[in-house]
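Data file: run-v1.cif. Format and content: mmCIF, N, CA and C atoms.
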```cif
data_my_file
#
loop_
_atom_site.group_PDB
_atom_site.id
_atom_site.type_symbol
_atom_site.label_atom_id
_atom_site.label_comp_id
_atom_site.auth_asym_id
_atom_site.auth_seq_id
_atom_site.Cartn_x
_atom_site.Cartn_y
_atom_site.Cartn_z
ATOM 1 N N MET A 1 49.558 10.079 -63.788
ATOM 2 C CA MET A 1 49.312 11.481 -63.999
ATOM 3 C C MET A 1 48.498 12.071 -62.844
ATOM 4 N N TRP A 2 47.479 11.320 -62.384
ATOM 5 C CA TRP A 2 46.673 11.831 -61.272
ATOM 6 C C TRP A 2 47.501 11.973 -60.008
ATOM 7 N N ALA A 3 48.487 11.101 -59.868
ATOM 8 C CA ALA A 3 49.323 11.164 -58.670
ATOM 9 C C ALA A 3 50.085 12.488 -58.629
ATOM 10 N N ARG A 4 50.522 12.963 -59.811
ATOM 11 C CA ARG A 4 51.232 14.248 -59.858
ATOM 12 C C ARG A 4 50.325 15.382 -59.442
ATOM 13 N N TRP A 5 49.086 15.377 -59.958
ATOM 14 C CA TRP A 5 48.150 16.455 -59.614
ATOM 15 C C TRP A 5 47.770 16.407 -58.142
ATOM 16 N N ALA A 6 47.573 15.183 -57.637
ATOM 17 C CA ALA A 6 47.228 15.049 -56.219
ATOM 18 C C ALA A 6 48.391 15.521 -55.348
ATOM 19 N N GLY A 7 49.601 15.152 -55.737
ATOM 20 C CA GLY A 7 50.775 15.597 -54.984
ATOM 21 C C GLY A 7 50.925 17.112 -55.017
ATOM 22 N N LEU A 8 50.673 17.693 -56.174
ATOM 23 C CA LEU A 8 50.752 19.151 -56.310
ATOM 24 C C LEU A 8 49.694 19.828 -55.443
ATOM 25 N N LEU A 9 48.491 19.293 -55.471
ATOM 26 C CA LEU A 9 47.395 19.874 -54.697
ATOM 27 C C LEU A 9 47.658 19.783 -53.196
ATOM 28 N N PHE A 10 47.991 18.586 -52.715
ATOM 29 C CA PHE A 10 48.219 18.413 -51.280
ATOM 30 C C PHE A 10 49.491 19.115 -50.819
ATOM 31 N N GLY A 11 50.510 19.126 -51.651
ATOM 32 C CA GLY A 11 51.740 19.825 -51.303
ATOM 33 C C GLY A 11 51.521 21.326 -51.206
ATOM 34 N N SER A 12 50.731 21.863 -52.124
ATOM 35 C CA SER A 12 50.421 23.297 -52.088
ATOM 36 C C SER A 12 49.616 23.647 -50.846
ATOM 37 N N ALA A 13 48.663 22.799 -50.507
ATOM 38 C CA ALA A 13 47.844 23.051 -49.320
ATOM 39 C C ALA A 13 48.703 23.011 -48.060
ATOM 40 N N ALA A 14 49.598 22.037 -47.977
ATOM 41 C CA ALA A 14 50.464 21.932 -46.805
ATOM 42 C C ALA A 14 51.405 23.128 -46.725
ATOM 43 N N GLY A 15 51.937 23.563 -47.865
ATOM 44 C CA GLY A 15 52.825 24.716 -47.877
ATOM 45 C C GLY A 15 52.103 25.993 -47.486
ATOM 46 N N ALA A 16 50.871 26.149 -47.954
ATOM 47 C CA ALA A 16 50.100 27.341 -47.607
ATOM 48 C C ALA A 16 49.791 27.359 -46.118
ATOM 49 N N GLU A 17 49.478 26.202 -45.554
ATOM 50 C CA GLU A 17 49.201 26.130 -44.117
ATOM 51 C C GLU A 17 50.451 26.443 -43.302
ATOM 52 N N ALA A 18 51.596 25.953 -43.733
ATOM 53 C CA ALA A 18 52.841 26.238 -43.023
ATOM 54 C C ALA A 18 53.165 27.727 -43.089
ATOM 55 N N ALA A 19 52.953 28.346 -44.242
ATOM 56 C CA ALA A 19 53.207 29.776 -44.384
ATOM 57 C C ALA A 19 52.252 30.580 -43.512
ATOM 58 N N ASN A 20 51.006 30.150 -43.443
ATOM 59 C CA ASN A 20 50.020 30.830 -42.608
ATOM 60 C C ASN A 20 50.419 30.752 -41.137
ATOM 61 N N ALA A 21 50.829 29.575 -40.691
ATOM 62 C CA ALA A 21 51.250 29.404 -39.295
ATOM 63 C C ALA A 21 52.487 30.235 -39.003
ATOM 64 N N SER A 22 53.419 30.279 -39.937
ATOM 65 C CA SER A 22 54.641 31.067 -39.751
ATOM 66 C C SER A 22 54.312 32.553 -39.676
ATOM 67 N N GLY A 23 53.421 33.015 -40.544
ATOM 68 C CA GLY A 23 53.032 34.415 -40.535
ATOM 69 C C GLY A 23 52.306 34.787 -39.261
ATOM 70 N N TYR A 24 51.490 33.881 -38.760
ATOM 71 C CA TYR A 24 50.774 34.130 -37.511
ATOM 72 C C TYR A 24 51.759 34.285 -36.355
ATOM 73 N N GLY A 25 52.752 33.414 -36.305
ATOM 74 C CA GLY A 25 53.753 33.482 -35.238
ATOM 75 C C GLY A 25 54.556 34.770 -35.305
ATOM 76 N N ALA A 26 54.920 35.184 -36.506
ATOM 77 C CA ALA A 26 55.680 36.424 -36.663
ATOM 78 C C ALA A 26 54.843 37.625 -36.233
ATOM 79 N N GLN A 27 53.568 37.648 -36.590
ATOM 80 C CA GLN A 27 52.705 38.760 -36.197
ATOM 81 C C GLN A 27 52.524 38.787 -34.684
ATOM 82 N N ARG A 28 52.387 37.635 -34.095
ATOM 83 C CA ARG A 28 52.214 37.576 -32.636
ATOM 84 C C ARG A 28 53.459 38.068 -31.902
ATOM 85 N N ARG A 29 54.655 37.698 -32.390
ATOM 86 C CA ARG A 29 55.894 38.186 -31.776
ATOM 87 C C ARG A 29 56.006 39.696 -31.911
ATOM 88 N N TYR A 30 55.643 40.233 -33.070
ATOM 89 C CA TYR A 30 55.686 41.680 -33.276
ATOM 90 C C TYR A 30 54.715 42.378 -32.322
ATOM 91 N N ASP A 31 53.500 41.861 -32.215
ATOM 92 C CA ASP A 31 52.493 42.467 -31.337
ATOM 93 C C ASP A 31 52.964 42.470 -29.885
ATOM 94 N N ASN A 32 53.552 41.354 -29.441
ATOM 95 C CA ASN A 32 54.033 41.291 -28.059
ATOM 96 C C ASN A 32 55.145 42.304 -27.817
ATOM 97 N N GLY A 33 56.068 42.425 -28.753
ATOM 98 C CA GLY A 33 57.143 43.405 -28.614
ATOM 99 C C GLY A 33 56.614 44.826 -28.602
ATOM 100 N N TYR A 34 55.645 45.108 -29.448
ATOM 101 C CA TYR A 34 55.045 46.450 -29.517
ATOM 102 C C TYR A 34 54.348 46.795 -28.202
ATOM 103 N N ILE A 35 53.588 45.852 -27.666
ATOM 104 C CA ILE A 35 52.878 46.094 -26.412
ATOM 105 C C ILE A 35 53.869 46.313 -25.277
ATOM 106 N N GLN A 36 54.945 45.531 -25.231
ATOM 107 C CA GLN A 36 55.943 45.708 -24.176
ATOM 108 C C GLN A 36 56.612 47.071 -24.285
ATOM 109 N N CYS A 37 56.887 47.513 -25.494
ATOM 110 C CA CYS A 37 57.509 48.816 -25.704
ATOM 111 C C CYS A 37 56.566 49.934 -25.253
ATOM 112 N N MET A 38 55.313 49.850 -25.643
ATOM 113 C CA MET A 38 54.351 50.887 -25.256
ATOM 114 C C MET A 38 54.168 50.920 -23.737
ATOM 115 N N TYR A 39 54.123 49.750 -23.113
ATOM 116 C CA TYR A 39 53.967 49.690 -21.662
ATOM 117 C C TYR A 39 55.189 50.300 -20.972
ATOM 118 N N ALA A 40 56.379 49.997 -21.480
ATOM 119 C CA ALA A 40 57.607 50.523 -20.887
ATOM 120 C C ALA A 40 57.666 52.043 -20.984
ATOM 121 N N ARG A 41 57.026 52.619 -21.983
ATOM 122 C CA ARG A 41 57.025 54.074 -22.144
ATOM 123 C C ARG A 41 55.872 54.739 -21.403
ATOM 124 N N GLY A 42 55.098 53.953 -20.655
ATOM 125 C CA GLY A 42 54.054 54.512 -19.819
ATOM 126 C C GLY A 42 52.675 54.564 -20.427
ATOM 127 N N HIS A 43 52.483 53.951 -21.588
ATOM 128 C CA HIS A 43 51.159 53.945 -22.211
ATOM 129 C C HIS A 43 50.315 52.813 -21.646
ATOM 130 N N ARG A 44 49.003 52.984 -21.727
ATOM 131 C CA ARG A 44 48.100 51.905 -21.351
ATOM 132 C C ARG A 44 48.057 50.903 -22.494
ATOM 133 N N VAL A 45 48.009 49.635 -22.168
ATOM 134 C CA VAL A 45 47.997 48.588 -23.186
ATOM 135 C C VAL A 45 46.797 47.683 -22.967
ATOM 136 N N PRO A 46 46.286 47.092 -24.043
ATOM 137 C CA PRO A 46 45.141 46.189 -23.903
ATOM 138 C C PRO A 46 45.560 44.891 -23.232
ATOM 139 N N VAL A 47 44.643 44.304 -22.487
ATOM 140 C CA VAL A 47 44.874 42.998 -21.879
ATOM 141 C C VAL A 47 43.731 42.080 -22.280
ATOM 142 N N SER A 48 43.964 40.816 -22.157
ATOM 143 C CA SER A 48 42.968 39.823 -22.506
ATOM 144 C C SER A 48 41.757 39.942 -21.584
ATOM 145 N N GLY A 49 40.597 39.611 -22.105
ATOM 146 C CA GLY A 49 39.391 39.629 -21.283
ATOM 147 C C GLY A 49 39.416 38.565 -20.204
ATOM 148 N N ASN A 50 40.312 37.592 -20.330
ATOM 149 C CA ASN A 50 40.426 36.528 -19.332
ATOM 150 C C ASN A 50 41.357 36.921 -18.202
ATOM 151 N N TYR A 51 41.938 38.116 -18.261
ATOM 152 C CA TYR A 51 42.890 38.539 -17.246
ATOM 153 C C TYR A 51 42.177 38.800 -15.939
ATOM 154 N N ALA A 52 42.717 38.285 -14.868
ATOM 155 C CA ALA A 52 42.197 38.553 -13.534
ATOM 156 C C ALA A 52 43.383 38.907 -12.648
ATOM 157 N N PRO A 53 43.317 40.010 -11.926
ATOM 158 C CA PRO A 53 44.437 40.361 -11.061
ATOM 159 C C PRO A 53 44.696 39.265 -10.031
ATOM 160 N N GLU A 54 45.932 39.178 -9.607
ATOM 161 C CA GLU A 54 46.280 38.149 -8.643
ATOM 162 C C GLU A 54 45.561 38.415 -7.331
ATOM 163 N N ARG A 55 44.929 37.413 -6.825
ATOM 164 C CA ARG A 55 44.201 37.542 -5.572
ATOM 165 C C ARG A 55 45.122 37.191 -4.420
ATOM 166 N N PRO A 56 44.943 37.833 -3.274
ATOM 167 C CA PRO A 56 45.776 37.456 -2.126
ATOM 168 C C PRO A 56 45.496 36.015 -1.718
ATOM 169 N N ARG A 57 46.518 35.352 -1.294
ATOM 170 C CA ARG A 57 46.347 33.964 -0.870
ATOM 171 C C ARG A 57 45.613 33.923 0.460
ATOM 172 N N PRO A 58 44.738 32.960 0.625
ATOM 173 C CA PRO A 58 44.037 32.874 1.904
ATOM 174 C C PRO A 58 45.024 32.519 3.025
ATOM 175 N N THR A 59 44.756 33.029 4.186
ATOM 176 C CA THR A 59 45.608 32.731 5.341
ATOM 177 C C THR A 59 45.397 31.279 5.742
ATOM 178 N N TYR A 60 46.488 30.634 6.050
ATOM 179 C CA TYR A 60 46.407 29.226 6.424
ATOM 180 C C TYR A 60 46.167 29.110 7.922
ATOM 181 N N TYR A 61 45.145 28.383 8.263
ATOM 182 C CA TYR A 61 44.870 28.090 9.661
ATOM 183 C C TYR A 61 45.085 26.598 9.857
ATOM 184 N N PRO A 62 45.945 26.211 10.807
ATOM 185 C CA PRO A 62 46.160 24.771 11.007
ATOM 186 C C PRO A 62 44.887 24.096 11.534
ATOM 187 N N PRO A 63 44.734 22.841 11.271
ATOM 188 C CA PRO A 63 43.522 22.154 11.743
ATOM 189 C C PRO A 63 43.528 22.079 13.268
ATOM 190 N N PRO A 64 42.364 21.960 13.860
ATOM 191 C CA PRO A 64 42.314 21.864 15.324
ATOM 192 C C PRO A 64 42.927 20.548 15.791
ATOM 193 N N PRO A 65 43.390 20.520 17.031
ATOM 194 C CA PRO A 65 43.969 19.267 17.525
ATOM 195 C C PRO A 65 42.909 18.183 17.626
ATOM 196 N N PRO A 66 43.330 16.957 17.555
ATOM 197 C CA PRO A 66 42.353 15.866 17.646
ATOM 198 C C PRO A 66 41.716 15.819 19.042
ATOM 199 N N PRO A 67 40.526 15.224 19.152
ATOM 200 C CA PRO A 67 39.861 15.151 20.450
ATOM 201 C C PRO A 67 40.733 14.375 21.450
ATOM 202 N N GLY A 68 40.761 14.874 22.665
ATOM 203 C CA GLY A 68 41.523 14.214 23.712
ATOM 204 C C GLY A 68 42.988 14.632 23.734
ATOM 205 N N TYR A 69 43.378 15.554 22.897
ATOM 206 C CA TYR A 69 44.769 16.004 22.859
ATOM 207 C C TYR A 69 45.029 16.914 24.057
ATOM 208 N N ALA A 70 46.067 16.620 24.827
ATOM 209 C CA ALA A 70 46.411 17.443 25.995
ATOM 210 C C ALA A 70 47.686 18.200 25.695
ATOM 211 N N LYS A 71 47.707 19.461 26.057
ATOM 212 C CA LYS A 71 48.908 20.276 25.826
ATOM 213 C C LYS A 71 49.930 20.038 26.858
#
```
Now, as a test, write the supplied structure out as structure tokens.
Amino acid sequence: MWARWAGLLFGSAAGAEAANASGYGAQRRYDNGYIQCMYARGHRVPVSGNYAPERPRPTYYPPPPPPGYAK
């Protein structure tokens, strides 16, 4: 009898967690689509606080020739 209750309890918890994860994914997809639509129409959209604009790449300078190198 306890096995049935334990199975019901753990099964319910696992199902609730799966539903929560599924709902989170659906909300995130909706939010991304909404932000893309607003941006495409010219509105300002929020960005993550971790966003940093792309920095220009540093110019590459080749290493100096080894000592004693003759041109």
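The space between atom CA of Val47 of chain A and atom CA of Asp31 of chain A spans 12.2 Å.
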Around all listed atoms of segment 41-50 of chain A, padded 6 Å per side, what centre and edge lengths does the axis-aligned box have in Å to one decimal, as JSON?
```
{"center_x": 48.2, "center_y": 45.6, "center_z": -21.1, "size_x": 29.6, "size_y": 30.2, "size_z": 17.8}
```
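Atom CA of Pro56 of chain A is found 28.1 Å from atom CA of Met38 of chain A.
Reported to one decimal place, the separation of atom CA of Gly23 of chain A from atom CA of Arg41 of chain A is 27.2 Å.
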(message) When DSSP is applied to the backbone of this structure, which of segment 32-66 of chain A are assigned helix (DSSP H, G or I)? Write them out as number ranges by chain.
(response) A: 32-40
